[in-house]
Amino acid sequence: MLTADQARYLGEVQGSDLRDLMQQAATVKLQYWGDTVTYSRKVFVPLTNMCRDTCTYCTFVKHPSSPEANIMTPEQVMRTARQGEKTGCKELLFSLGEKPELRYEQAKAALATLGYSSMVSYLADACEMVLQESTLLPHVNAGTLSDEEIDQLRPYAASMGMMLETTSRRLMKEGQPHYGCPDKAPVQRLRTLERAGQKKIPFTTGLLIGIGETWEERIEALEAINESHARHGHIQEVIIQNFQRKPGIGMENHPEPTLDDMLRTLAVARLILSPEISLQAPPNLSERHMEYLSAGINDWGGISPVTIDFINPQHRWPVIDELAQSTQLAGQKLEERLTVYPSYLRDKTDFVDPAVLSKSQGLWEQMGSSASLQSGGSL
């Protein structure tokens with residue numbers, strides 16, 4: 001594993017050492033994860049696209065005054081879940097804006113019509129509905145959460161997630177992408193990460209690179225994630241996501257990270273993080289995503305055969321069969337996993353609520369012995 005000083009140095013060296021660095025990362029990946037690359041077959045449910053934060057790189061969020069602003073009804077959630085079931089999905093990803101009812105009266109009123117005073121309370125009931133009335137496992141991406149909110153969600157969510165994105169307080173200043181976004185304060189993100197560990201939640205987090213952070217700040221974020229995992233053992237995967245320009249956003253003309261920048265960050269992440277943490281990069285955000293395999297990734301993340309990527313709607317998901325072929329041409333094999341990784345179903349069973357654990361283990365067994373072993377690391 002790299003020390004922090006080594007990682008910082010590697011960010012300053014933009015020359016021929018990149019391929020050597022990638023080779024080191026690929027070696028670690030091979031030693032721990034073998035020649036498999038995994039993905040989760042999911043259906044994407046954007047429970048609400050309203051949010052009290054206004055990040056300048058986001059197109060997902062709609063102001064409550066927009067005709068596109070909405071909160072999905074239970075009927076709409078289950079309709080999407082049924083579509084996922086028909087196409088073999090195992091995961092239902094709940095993604096939503098953070099606590100819009102605390103900022104906007106319109107969002108508070110819309111929630112009240114559904115019988116709720118908070119979005120997290122509605123989310124908890126939606127997770128319970130999906131868990132009980134479908135074959136899918138809920139994964140929750142609800143942003144920052146209090147202890148009480150995690151307790152509400154834990155009985156019905158197989159796993160949870162929140163992108164740390166960055167530890168840079170500088171990016172919250174006026175003119176920066178997180179200005180006026182209370183939930184993007186690094187201290188709040190880090191507290192949620194720690195709470196999830198203390199409460200034993202299989203957790204996904206990661207970095208959003210290219211939004212103005214320095215290399216030093218990327219290393220700090222990776223170190224913070226790794227240190228939290230060392231304390232609690234709860235980080236099942238880390239995503240390295242590249243910023244993408246989109247029409248109409250505040251950062252429409254902001255430069256995107258280069259492929260080399262992405263490869264260097266992935267390789268360093270693989271060498272900083274514990275090898276048991278899955279390293280993921282989204283395949284739909286770069287035409288040259290197959291090169292990520294040479295930088296130590298072992299997972300493509302959730303891919304939907306049903307719904308679009310609502311966060312990056314201009315980037316379609318890869319066709320799973322085509323991704324499998326490309327992965328095989330790169331000398332590796334694509335295998336499906338669940339939203340909760342096998343180590344939490346086999347070794348760390350206290351991380352999953354009993355009802356969710358039973359359902360997850362049943363799906364795990366249905367997928368067969370090959371799939372059941374492939375995403376648990378060195379077994």
# chains A, B, ... in the order shown; residues from 1 in each chain; ligands from 1
>>> select_by_dssp(residues="segment 12-119 of chain A", states="helix (DSSP H, G or I)", output="ChimeraX atom specification")
/A:12,17-33,74-86,100-102,105-113,119
>>> closest_atom_pairs(of="segment 227-337 of chain A", to="segment 351-358 of chain A", cutoff="12 Å", atoms="only C-alpha atoms", output="tab-separated table")
residue	atom	partner	partner_atom	distance
A:His232	CA	A:Phe351	CA	10.4
A:Gly233	CA	A:Phe351	CA	9.6
A:His234	CA	A:Phe351	CA	8.0
A:Ile235	CA	A:Phe351	CA	11.1
A:Gln236	CA	A:Phe351	CA	11.1
>>> write_last_selection(atoms="N, CA, C and O atoms", output="PDB file, in the first residue's frame")
ATOM      1  N   HIS A 232     -14.093   0.349  11.313  1.00  0.00           N
ATOM      2  CA  HIS A 232     -15.403  -0.302  11.373  1.00  0.00           C
ATOM      3  C   HIS A 232     -15.609  -1.449  10.379  1.00  0.00           C
ATOM      4  O   HIS A 232     -16.529  -2.246  10.556  1.00  0.00           O
ATOM      5  N   GLY A 233     -14.824  -1.522   9.306  1.00  0.00           N
ATOM      6  CA  GLY A 233     -14.960  -2.604   8.336  1.00  0.00           C
ATOM      7  C   GLY A 233     -16.218  -2.535   7.489  1.00  0.00           C
ATOM      8  O   GLY A 233     -16.697  -3.566   7.001  1.00  0.00           O
ATOM      9  N   HIS A 234     -16.739  -1.335   7.267  1.00  0.00           N
ATOM     10  CA  HIS A 234     -18.051  -1.209   6.625  1.00  0.00           C
ATOM     11  C   HIS A 234     -18.017  -0.739   5.179  1.00  0.00           C
ATOM     12  O   HIS A 234     -19.040  -0.798   4.495  1.00  0.00           O
ATOM     13  N   ILE A 235     -16.867  -0.282   4.685  1.00  0.00           N
ATOM     14  CA  ILE A 235     -16.813   0.243   3.316  1.00  0.00           C
ATOM     15  C   ILE A 235     -16.676  -0.932   2.357  1.00  0.00           C
ATOM     16  O   ILE A 235     -15.626  -1.556   2.258  1.00  0.00           O
ATOM     17  N   GLN A 236     -17.750  -1.253   1.651  1.00  0.00           N
ATOM     18  CA  GLN A 236     -17.681  -2.386   0.730  1.00  0.00           C
ATOM     19  C   GLN A 236     -17.183  -1.962  -0.639  1.00  0.00           C
ATOM     20  O   GLN A 236     -16.581  -2.768  -1.352  1.00  0.00           O
TER      21      GLN A 236
END
>>> select_by_dssp(residues="segment 124-360 of chain A", states="strand (DSSP E or B)", output="PyMOL selection string")
chain A and resi 137-141+159-161+165+203-209+235-242+278-280+299-303+333-337
>>> closest_atom_pairs(of="segment 19-59 of chain A", to="segment 82-91 of chain A", cutoff="6 Å", atoms="only C-alpha atoms", output="CSV")
residue,atom,partner,partner_atom,distance
A:Arg41,CA,A:Cys89,CA,4.9
A:Lys42,CA,A:Glu91,CA,4.5
A:Val43,CA,A:Gly84,CA,5.4
>>> residues_around(residues="Pro177 of chain A", least_positions_apart="6", cutoff="8 Å", atoms="only C-alpha atoms", output="PyMOL selection string")
chain A and resi 55-57+171+211+251
>>> write_last_selection(atoms="C-alpha atoms", output="PDB file, in the first residue's frame")
ATOM      1  CA  CYS A  55     -24.372  21.946  -6.578  1.00  0.00           C
ATOM      2  CA  THR A  56     -23.271  23.631  -9.792  1.00  0.00           C
ATOM      3  CA  TYR A  57     -22.407  20.338 -11.539  1.00  0.00           C
ATOM      4  CA  LEU A 171     -15.097  24.156  -2.495  1.00  0.00           C
ATOM      5  CA  ILE A 211     -14.734  19.697  -9.713  1.00  0.00           C
ATOM      6  CA  MET A 251     -19.978  24.329 -14.541  1.00  0.00           C
TER       7      MET A 251
END
>>> residues_around(residues="segment 62-79 of chain A", least_positions_apart="2", cutoff="9 Å", atoms="only C-alpha atoms", output="ChimeraX atom specification")
/A:45-52,59-60,81-84,100,104-107,110-111,114,126,129-130,133-134
>>> write_last_selection(atoms="N, CA and C atoms", output="mmCIF file, in the first residue's frame")
data_model
loop_
_atom_site.group_PDB
_atom_site.id
_atom_site.type_symbol
_atom_site.label_atom_id
_atom_site.label_comp_id
_atom_site.auth_asym_id
_atom_site.auth_seq_id
_atom_site.Cartn_x
_atom_site.Cartn_y
_atom_site.Cartn_z
ATOM 1 N N VAL A 45 -34.481 4.091 -9.118
ATOM 2 C CA VAL A 45 -35.696 4.796 -8.704
ATOM 3 C C VAL A 45 -35.318 6.153 -8.104
ATOM 4 N N PRO A 46 -35.520 7.249 -8.850
ATOM 5 C CA PRO A 46 -35.250 8.587 -8.317
ATOM 6 C C PRO A 46 -36.448 9.057 -7.487
ATOM 7 N N LEU A 47 -36.454 8.747 -6.211
ATOM 8 C CA LEU A 47 -37.638 8.960 -5.379
ATOM 9 C C LEU A 47 -38.095 10.420 -5.380
ATOM 10 N N THR A 48 -37.143 11.338 -5.348
ATOM 11 C CA THR A 48 -37.460 12.748 -5.583
ATOM 12 C C THR A 48 -36.256 13.418 -6.226
ATOM 13 N N ASN A 49 -36.540 14.368 -7.114
ATOM 14 C CA ASN A 49 -35.458 15.137 -7.734
ATOM 15 C C ASN A 49 -35.384 16.548 -7.165
ATOM 16 N N MET A 50 -36.047 16.764 -6.043
ATOM 17 C CA MET A 50 -35.893 18.019 -5.312
ATOM 18 C C MET A 50 -34.825 17.842 -4.237
ATOM 19 N N CYS A 51 -34.124 18.926 -3.926
ATOM 20 C CA CYS A 51 -32.993 18.846 -3.000
ATOM 21 C C CYS A 51 -32.742 20.229 -2.416
ATOM 22 N N ARG A 52 -32.300 20.275 -1.172
ATOM 23 C CA ARG A 52 -31.992 21.584 -0.596
ATOM 24 C C ARG A 52 -30.599 22.081 -0.993
ATOM 25 N N THR A 59 -27.470 18.145 -12.776
ATOM 26 C CA THR A 59 -28.683 18.328 -13.577
ATOM 27 C C THR A 59 -29.851 17.522 -13.015
ATOM 28 N N PHE A 60 -29.574 16.645 -12.069
ATOM 29 C CA PHE A 60 -30.623 15.797 -11.491
ATOM 30 C C PHE A 60 -31.652 16.634 -10.727
ATOM 31 N N ALA A 81 -40.219 -1.210 -10.021
ATOM 32 C CA ALA A 81 -39.685 -2.450 -9.456
ATOM 33 C C ALA A 81 -40.110 -3.657 -10.283
ATOM 34 N N ARG A 82 -41.356 -3.692 -10.728
ATOM 35 C CA ARG A 82 -41.837 -4.816 -11.549
ATOM 36 C C ARG A 82 -41.078 -4.890 -12.868
ATOM 37 N N GLN A 83 -40.775 -3.739 -13.448
ATOM 38 C CA GLN A 83 -39.980 -3.733 -14.684
ATOM 39 C C GLN A 83 -38.601 -4.319 -14.427
ATOM 40 N N GLY A 84 -38.035 -3.992 -13.279
ATOM 41 C CA GLY A 84 -36.736 -4.543 -12.924
ATOM 42 C C GLY A 84 -36.779 -6.043 -12.742
ATOM 43 N N PRO A 100 -35.250 18.042 0.844
ATOM 44 C CA PRO A 100 -35.820 19.251 0.240
ATOM 45 C C PRO A 100 -36.888 19.896 1.110
ATOM 46 N N TYR A 104 -37.839 23.955 1.191
ATOM 47 C CA TYR A 104 -38.915 24.388 0.306
ATOM 48 C C TYR A 104 -40.285 23.966 0.854
ATOM 49 N N GLU A 105 -41.181 24.927 0.963
ATOM 50 C CA GLU A 105 -42.547 24.636 1.401
ATOM 51 C C GLU A 105 -43.264 23.716 0.417
ATOM 52 N N GLN A 106 -42.954 23.886 -0.898
ATOM 53 C CA GLN A 106 -43.601 23.034 -1.910
ATOM 54 C C GLN A 106 -43.258 21.568 -1.682
ATOM 55 N N ALA A 107 -41.991 21.291 -1.362
ATOM 56 C CA ALA A 107 -41.573 19.906 -1.114
ATOM 57 C C ALA A 107 -42.214 19.369 0.167
ATOM 58 N N ALA A 110 -45.809 18.573 -0.680
ATOM 59 C CA ALA A 110 -45.920 17.366 -1.512
ATOM 60 C C ALA A 110 -45.736 16.106 -0.675
ATOM 61 N N LEU A 111 -44.818 16.151 0.275
ATOM 62 C CA LEU A 111 -44.629 15.018 1.186
ATOM 63 C C LEU A 111 -45.864 14.800 2.051
ATOM 64 N N LEU A 114 -48.598 12.708 0.781
ATOM 65 C CA LEU A 114 -48.326 11.271 0.846
ATOM 66 C C LEU A 114 -48.390 10.746 2.277
ATOM 67 N N ALA A 126 -40.858 3.121 1.718
ATOM 68 C CA ALA A 126 -40.707 2.656 0.333
ATOM 69 C C ALA A 126 -39.757 1.458 0.276
ATOM 70 N N MET A 129 -41.622 -1.572 1.519
ATOM 71 C CA MET A 129 -42.560 -2.039 0.494
ATOM 72 C C MET A 129 -41.837 -2.868 -0.565
ATOM 73 N N VAL A 130 -40.708 -2.370 -1.046
ATOM 74 C CA VAL A 130 -39.949 -3.087 -2.067
ATOM 75 C C VAL A 130 -39.434 -4.412 -1.520
ATOM 76 N N GLU A 133 -42.640 -6.734 -1.098
ATOM 77 C CA GLU A 133 -43.546 -6.977 -2.219
ATOM 78 C C GLU A 133 -42.834 -7.258 -3.542
ATOM 79 N N SER A 134 -41.516 -7.366 -3.511
ATOM 80 C CA SER A 134 -40.780 -7.684 -4.732
ATOM 81 C C SER A 134 -39.625 -8.609 -4.409
#
>>> closest_residue(among="A:Ile219, A:Ala224, A:Lys246, A:Asp147", to="Ala269 of chain A", atoms="only C-alpha atoms")
A:Ile219
>>> closest_residue(among="A:Thr167, A:Ser304, A:Thr205, A:Gln244", to="Leu93 of chain A", atoms="only C-alpha atoms")
A:Ser304
>>> closest_residue(among="A:Ser274, A:Met290, A:Val28, A:Leu363", to="Gln325 of chain A", atoms="only C-alpha atoms")
A:Met290
>>> residues_around(residues="Arg195 of chain A", least_positions_apart="5", cutoff="9 Å", atoms="only C-alpha atoms", output="list in words")
Leu145, Ser146, Asp147, Ile150, Leu190, Lys200 and Ile201 of chain A
>>> residues_around(residues="segment 159-163 of chain A", least_positions_apart="4", cutoff="8 Å", atoms="only C-alpha atoms", output="ChimeraX atom specification")
/A:138-144,189,193,201-208,239,339-340,352
>>> write_last_selection(atoms="N, CA, C and O atoms", output="PDB file, in the first residue's frame")
ATOM      1  N   PRO A 138     -33.315  -3.393  -1.719  1.00  0.00           N
ATOM      2  CA  PRO A 138     -33.134  -1.941  -1.758  1.00  0.00           C
ATOM      3  C   PRO A 138     -31.703  -1.528  -1.395  1.00  0.00           C
ATOM      4  O   PRO A 138     -31.118  -2.034  -0.430  1.00  0.00           O
ATOM      5  N   HIS A 139     -31.166  -0.618  -2.192  1.00  0.00           N
ATOM      6  CA  HIS A 139     -29.931   0.092  -1.856  1.00  0.00           C
ATOM      7  C   HIS A 139     -30.282   1.566  -1.772  1.00  0.00           C
ATOM      8  O   HIS A 139     -30.940   2.110  -2.673  1.00  0.00           O
ATOM      9  N   VAL A 140     -29.867   2.229  -0.709  1.00  0.00           N
ATOM     10  CA  VAL A 140     -30.282   3.598  -0.423  1.00  0.00           C
ATOM     11  C   VAL A 140     -29.121   4.561  -0.631  1.00  0.00           C
ATOM     12  O   VAL A 140     -28.051   4.384  -0.046  1.00  0.00           O
ATOM     13  N   ASN A 141     -29.338   5.564  -1.467  1.00  0.00           N
ATOM     14  CA  ASN A 141     -28.355   6.631  -1.655  1.00  0.00           C
ATOM     15  C   ASN A 141     -29.056   7.945  -1.320  1.00  0.00           C
ATOM     16  O   ASN A 141     -29.544   8.649  -2.190  1.00  0.00           O
ATOM     17  N   ALA A 142     -29.115   8.241  -0.006  1.00  0.00           N
ATOM     18  CA  ALA A 142     -29.906   9.378   0.476  1.00  0.00           C
ATOM     19  C   ALA A 142     -29.058  10.527   0.997  1.00  0.00           C
ATOM     20  O   ALA A 142     -29.581  11.463   1.584  1.00  0.00           O
ATOM     21  N   GLY A 143     -27.738  10.459   0.806  1.00  0.00           N
ATOM     22  CA  GLY A 143     -26.879  11.544   1.265  1.00  0.00           C
ATOM     23  C   GLY A 143     -26.603  11.479   2.751  1.00  0.00           C
ATOM     24  O   GLY A 143     -26.578  10.402   3.357  1.00  0.00           O
ATOM     25  N   THR A 144     -26.415  12.635   3.371  1.00  0.00           N
ATOM     26  CA  THR A 144     -26.082  12.683   4.794  1.00  0.00           C
ATOM     27  C   THR A 144     -27.261  12.195   5.626  1.00  0.00           C
ATOM     28  O   THR A 144     -28.421  12.478   5.329  1.00  0.00           O
ATOM     29  N   ARG A 189     -20.438  15.004   5.747  1.00  0.00           N
ATOM     30  CA  ARG A 189     -20.263  13.757   4.983  1.00  0.00           C
ATOM     31  C   ARG A 189     -19.455  12.741   5.798  1.00  0.00           C
ATOM     32  O   ARG A 189     -19.785  11.550   5.849  1.00  0.00           O
ATOM     33  N   LEU A 193     -20.404   8.956   7.204  1.00  0.00           N
ATOM     34  CA  LEU A 193     -19.544   7.802   6.946  1.00  0.00           C
ATOM     35  C   LEU A 193     -19.231   7.070   8.253  1.00  0.00           C
ATOM     36  O   LEU A 193     -19.281   5.833   8.328  1.00  0.00           O
ATOM     37  N   ILE A 201     -23.258  -0.753   8.706  1.00  0.00           N
ATOM     38  CA  ILE A 201     -23.985  -0.693   7.444  1.00  0.00           C
ATOM     39  C   ILE A 201     -23.029  -1.004   6.306  1.00  0.00           C
ATOM     40  O   ILE A 201     -22.015  -0.309   6.150  1.00  0.00           O
ATOM     41  N   PRO A 202     -23.266  -2.016   5.466  1.00  0.00           N
ATOM     42  CA  PRO A 202     -22.443  -2.169   4.256  1.00  0.00           C
ATOM     43  C   PRO A 202     -22.592  -0.906   3.408  1.00  0.00           C
ATOM     44  O   PRO A 202     -23.701  -0.567   2.981  1.00  0.00           O
ATOM     45  N   PHE A 203     -21.474  -0.223   3.178  1.00  0.00           N
ATOM     46  CA  PHE A 203     -21.567   1.155   2.690  1.00  0.00           C
ATOM     47  C   PHE A 203     -20.734   1.375   1.437  1.00  0.00           C
ATOM     48  O   PHE A 203     -19.625   0.843   1.294  1.00  0.00           O
ATOM     49  N   THR A 204     -21.299   2.194   0.548  1.00  0.00           N
ATOM     50  CA  THR A 204     -20.613   2.631  -0.671  1.00  0.00           C
ATOM     51  C   THR A 204     -20.328   4.117  -0.558  1.00  0.00           C
ATOM     52  O   THR A 204     -21.195   4.887  -0.156  1.00  0.00           O
ATOM     53  N   THR A 205     -19.124   4.509  -0.922  1.00  0.00           N
ATOM     54  CA  THR A 205     -18.786   5.927  -0.949  1.00  0.00           C
ATOM     55  C   THR A 205     -17.814   6.155  -2.106  1.00  0.00           C
ATOM     56  O   THR A 205     -17.602   5.257  -2.924  1.00  0.00           O
ATOM     57  N   GLY A 206     -17.258   7.347  -2.200  1.00  0.00           N
ATOM     58  CA  GLY A 206     -16.332   7.588  -3.297  1.00  0.00           C
ATOM     59  C   GLY A 206     -16.015   9.052  -3.497  1.00  0.00           C
ATOM     60  O   GLY A 206     -16.450   9.923  -2.736  1.00  0.00           O
ATOM     61  N   LEU A 207     -15.254   9.309  -4.562  1.00  0.00           N
ATOM     62  CA  LEU A 207     -14.806  10.655  -4.915  1.00  0.00           C
ATOM     63  C   LEU A 207     -15.424  11.079  -6.228  1.00  0.00           C
ATOM     64  O   LEU A 207     -15.600  10.255  -7.134  1.00  0.00           O
ATOM     65  N   LEU A 208     -15.744  12.353  -6.326  1.00  0.00           N
ATOM     66  CA  LEU A 208     -16.092  12.975  -7.601  1.00  0.00           C
ATOM     67  C   LEU A 208     -14.907  13.844  -7.974  1.00  0.00           C
ATOM     68  O   LEU A 208     -14.617  14.834  -7.296  1.00  0.00           O
ATOM     69  N   ILE A 239     -16.177   4.373  -5.200  1.00  0.00           N
ATOM     70  CA  ILE A 239     -16.352   4.785  -6.595  1.00  0.00           C
ATOM     71  C   ILE A 239     -15.450   5.978  -6.875  1.00  0.00           C
ATOM     72  O   ILE A 239     -15.399   6.917  -6.084  1.00  0.00           O
ATOM     73  N   THR A 339     -26.242  -6.135  -4.448  1.00  0.00           N
ATOM     74  CA  THR A 339     -25.879  -4.816  -3.941  1.00  0.00           C
ATOM     75  C   THR A 339     -25.074  -4.900  -2.647  1.00  0.00           C
ATOM     76  O   THR A 339     -24.271  -4.030  -2.346  1.00  0.00           O
ATOM     77  N   VAL A 340     -25.288  -5.976  -1.876  1.00  0.00           N
ATOM     78  CA  VAL A 340     -24.479  -6.219  -0.688  1.00  0.00           C
ATOM     79  C   VAL A 340     -23.476  -7.323  -1.029  1.00  0.00           C
ATOM     80  O   VAL A 340     -23.831  -8.351  -1.588  1.00  0.00           O
ATOM     81  N   VAL A 352     -26.033  -6.838   8.459  1.00  0.00           N
ATOM     82  CA  VAL A 352     -27.276  -6.830   7.685  1.00  0.00           C
ATOM     83  C   VAL A 352     -28.421  -7.270   8.586  1.00  0.00           C
ATOM     84  O   VAL A 352     -28.308  -8.257   9.308  1.00  0.00           O
TER      85      VAL A 352
END
>>> closest_residue(among="A:Leu92, A:Cys181, A:Ala295, A:Val187", to="Tyr156 of chain A", atoms="only C-alpha atoms")
A:Leu92
>>> residues_around(residues="Tyr39 of chain A", least_positions_apart="3", cutoff="7 Å", atoms="only C-alpha atoms", output="list in words")
Asp299, Trp300, Gly301, Gly302, Ile303, Glu335, Glu336 and Arg337 of chain A
